[in-house]
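Everything on this sheet refers to the single structure shown next.
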Amino acid sequence: MLHLNTAGLVRRSFLLSCVLAGITACSDNEPSSAETESAAINAATSVAEVHAASLVLDAHADIVIPSTSRAYMSADGSSKVDLAKMRAGGVDAVVMSVAVGPGPRTAEGDAAARAEADEKIAAVHTLVEESQGQLVMATTSAEILAAHEAGQSALILGFQNARSLQRNVSAIDEFYAEGVRIFGLNHLGHNAFSDSSRPEFSGETGAFEVTEEHGGLSALGVAAVERINSLGALVDVSQLSKAATLQVLELSSSPIIASHSNAKTVSDVTRNLSDEEIDRIGENGGVIHVAAFKGYLINISEPDFVEELIALRVAAGISEEYNYPFELYWEIDDLAQRSVFTAAVSELLGPATTDHMIEHIDYIVGRIGIDHVGIGNDFNHGSGIDDYNDASEAMNLTEGLLERGYSQEDIHKIWSGNFLRVLDAAAGV
C-alpha cells in the first residue's frame, strides 16, 4: 500500500510525476493544494503502472511446513508469500527454498535433513495443486514469463544446505528432477561440502567453528559445483564463507547468484558480502539479491551499538564473541527469554525500511552496475521490515526506487530481468 498521507511524500510525488511525465523543469515554488493532490494521484498511478509492468520476482523465500516457527510467519500464522499476499503486492514469482538448518553431522542427521527437504518439496506441489490453476511450477525463464502473461503466479524451487544431499553428489540430480534450479550449498555451520559464513557454536567444545574446516569448498563441494553447472542450474553463494564463494566464482562455468545477501561495507555482519566478493560476482556476470532482513541491513559498526549488543548477549547467557545481532538466539533454551532477547536486539537495531534496502542496492549498483542486483527477501525465515513485511507490500520498494531516481528499465532489471538472464545463461539458453 502506498504511503501518500505525508506532506514529504506529496512533495516527492509531485516531483516524481514531473520526471515520469518527461517534464524537464518543474517550478521551484511549492505547488498549490490542488496541484499536490493531483500530482500525488498521478505519481501513485505511475508507481502502480511501473510495478504492474514489471515481472516482480523474489529470489528467496522459505517453505512453510507444520514445524515452521510461527515467529517467522505473518501474525495469523500464514506464509509471507502465500498466493493472496503475492496477488495483493503484484508479486509474480517466488523462488521457494528447499532449505534445511544445521543438525548432527551423522548419517541419521543427514537422513533427517533429506526427509525435511522432501517434505518441503511436497508442500510446494500441494500449494500448486490446491490453487486451481492460479499457481504453476516453473523451471525456466520462458515458463516464468508465460505464467506472467497468462495471469498466473510462478513458483520456482531453490535449494539450501547440502546436508540433505547426504554426502552424495548424485543426489543433486534427484533434486533437479524434482524441479530445483537454484542450488546453495550451505546455511548455518560448516557441512561436508563447504564452510559457512555463519560458524556454528559447538556445544561439545564450547567454542565457535571459527577455523575453516575446508578452506572454502571440500572435494565434495567442488564436485557439486561442477555437477550443478553440467545440469544447467544456478549456483547460489548466499551463506557460504568468503573463501568458498571465491572458489565457486573460480570454478563456475556460468554466472552465479547470491539469492539473499547484502553488502558488508554497508552493514558489517559476517553474513553479508565483502567488496571483493561483490566485485567478483560482477565480473562473473552474476546477480546479488538484496534481502528485507533487518539484521543484514542496519549499520552495526558504532562502538556504542556493539557495547549494548554485547551486554544483551551476556544477559541472555550466550557468547559475546560473535556480534552478528541475532546470532545464537537458538542457544537460549527458555523460549520466553529467547523472545525477550530477540525483541531487545530488534529494538536496539531500530526501524528498518525499504530505504535501507535501497542503500544496499545503491552500493552494489555503484560498484558493479545495474545488471547485477535483484531482490531475495528471505521471507518465512526472520525477514520483514517496517514497510515491506511480506509480499503484499512489494510495491513500496518500487516506489522507493523511483523516488531514488531508478528508471523503469532499471526497476524491471532489479525485480526479475537480471535473475532471468542468469537463469538462461546457466541453462545455456
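Lettering and numbering for the C-alpha cells are positional, with chains as A, B, ... in the shown order, residues counted from 1 in each chain, and ligands counted from 1 in the shown order.
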
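Residues with any atom within 12 Å of Pro104 of chain A, counting only C-alpha atoms and excluding same-chain neighbours fewer than 2 positions away, are Gly101, Pro102, Thr106, Ala107, Glu108, Gly109, Asp110, Ala111, Ala112, Ala113, Arg163, Ser164, Gln166, Gly189, His190, Asn191, Ala192, Glu200, Ser202, Gly203 and Glu204 of chain A.
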
Can you pull out every residue within 12 Å of Pro66 of chain A, counting only C-alpha atoms, but drop anything in the same chain fewer than 3 positions away, and send it as a VMD selection string?
chain A and resid 63 69 to 70 73 77 to 79 116 119 to 120 123

Once you have the residues from the selection above, write them out as a tab-separated table (two decimals), in the first residue's frame, restricted to C-alpha atoms.
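The resulting file, selection_0.tsv, is shown below:
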chain	number	residue	atom	x	y	z
A	63	ILE	CA	8.68	-23.02	2.51
A	69	SER	CA	8.17	-21.42	13.68
A	70	ARG	CA	5.20	-19.05	13.82
A	73	MET	CA	5.43	-16.10	9.56
A	77	GLY	CA	0.38	-17.91	11.09
A	78	SER	CA	0.24	-17.77	7.29
A	79	SER	CA	3.12	-17.67	4.84
A	116	GLU	CA	12.68	-32.32	5.73
A	119	GLU	CA	8.51	-32.62	2.93
A	120	LYS	CA	9.08	-29.08	1.70
A	123	ALA	CA	4.36	-28.84	0.36

Where does DSSP see helix (DSSP H, G or I) in segment 139-277 of chain A, if you list the residues as a ChimeraX atom specification?
/A:141-149,162-165,171-177,219-231,242-251,275-277

Write the selection just made, keeping C-alpha atoms, as an mmCIF file, in the first residue's frame?
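Writing the result to part-v7.cif gives the following:
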data_model
loop_
_atom_site.group_PDB
_atom_site.id
_atom_site.type_symbol
_atom_site.label_atom_id
_atom_site.label_comp_id
_atom_site.auth_asym_id
_atom_site.auth_seq_id
_atom_site.Cartn_x
_atom_site.Cartn_y
_atom_site.Cartn_z
ATOM 1 C CA SER A 141 12.616 -18.197 -17.677
ATOM 2 C CA ALA A 142 10.240 -18.985 -20.550
ATOM 3 C CA GLU A 143 7.856 -20.736 -18.166
ATOM 4 C CA ILE A 144 8.049 -17.843 -15.689
ATOM 5 C CA LEU A 145 7.281 -15.352 -18.467
ATOM 6 C CA ALA A 146 4.460 -17.499 -19.836
ATOM 7 C CA ALA A 147 2.870 -17.683 -16.397
ATOM 8 C CA HIS A 148 3.096 -13.917 -16.070
ATOM 9 C CA GLU A 149 1.448 -13.378 -19.438
ATOM 10 C CA ALA A 162 23.891 -29.661 1.178
ATOM 11 C CA ARG A 163 23.257 -31.640 4.376
ATOM 12 C CA SER A 164 20.181 -33.029 2.629
ATOM 13 C CA LEU A 165 22.388 -34.452 -0.142
ATOM 14 C CA ALA A 171 21.582 -36.571 -5.146
ATOM 15 C CA ILE A 172 21.760 -33.185 -6.891
ATOM 16 C CA ASP A 173 20.255 -34.948 -9.911
ATOM 17 C CA GLU A 174 17.345 -36.133 -7.774
ATOM 18 C CA PHE A 175 16.538 -32.596 -6.655
ATOM 19 C CA TYR A 176 16.959 -31.327 -10.206
ATOM 20 C CA ALA A 177 14.443 -33.940 -11.370
ATOM 21 C CA ALA A 219 36.249 -32.046 -2.673
ATOM 22 C CA LEU A 220 32.519 -32.808 -2.430
ATOM 23 C CA GLY A 221 31.769 -29.111 -2.801
ATOM 24 C CA VAL A 222 33.941 -28.796 -5.891
ATOM 25 C CA ALA A 223 32.210 -31.807 -7.446
ATOM 26 C CA ALA A 224 28.805 -30.338 -6.538
ATOM 27 C CA VAL A 225 29.538 -27.037 -8.314
ATOM 28 C CA GLU A 226 30.668 -28.938 -11.389
ATOM 29 C CA ARG A 227 27.517 -31.070 -11.350
ATOM 30 C CA ILE A 228 25.205 -28.078 -10.890
ATOM 31 C CA ASN A 229 26.912 -26.396 -13.854
ATOM 32 C CA SER A 230 26.604 -29.505 -16.016
ATOM 33 C CA LEU A 231 22.870 -29.754 -15.293
ATOM 34 C CA LYS A 242 34.184 -15.799 1.674
ATOM 35 C CA ALA A 243 36.776 -18.408 0.681
ATOM 36 C CA ALA A 244 34.053 -20.778 -0.529
ATOM 37 C CA THR A 245 32.327 -18.010 -2.507
ATOM 38 C CA LEU A 246 35.570 -17.048 -4.227
ATOM 39 C CA GLN A 247 36.229 -20.702 -5.057
ATOM 40 C CA VAL A 248 32.775 -21.061 -6.588
ATOM 41 C CA LEU A 249 33.475 -17.999 -8.718
ATOM 42 C CA GLU A 250 36.725 -19.556 -9.914
ATOM 43 C CA LEU A 251 35.087 -22.892 -10.672
ATOM 44 C CA ASP A 275 33.633 -5.773 -1.633
ATOM 45 C CA GLU A 276 35.898 -8.428 -3.138
ATOM 46 C CA GLU A 277 33.022 -10.887 -3.396
#

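Atom pair atom CA of Arg421 of chain A / atom CA of Leu217 of chain A has a distance of 26.3 Å (rounded to one decimal).
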
What parts of segment 200-298 of chain A does DSSP call strand (DSSP E)? I'd like the answer as a PyMOL selection string.
chain A and resi 201-202+207-208+234-236+257-258+287-290

Work out how far apart atom CA of Ile256 of chain A and atom CA of Asp378 of chain A are and give it in Å to one decimal.
17.9 Å

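Between atom CA of Ala48 of chain A and atom CA of Ala150 of chain A there is a distance of 19.4 Å.
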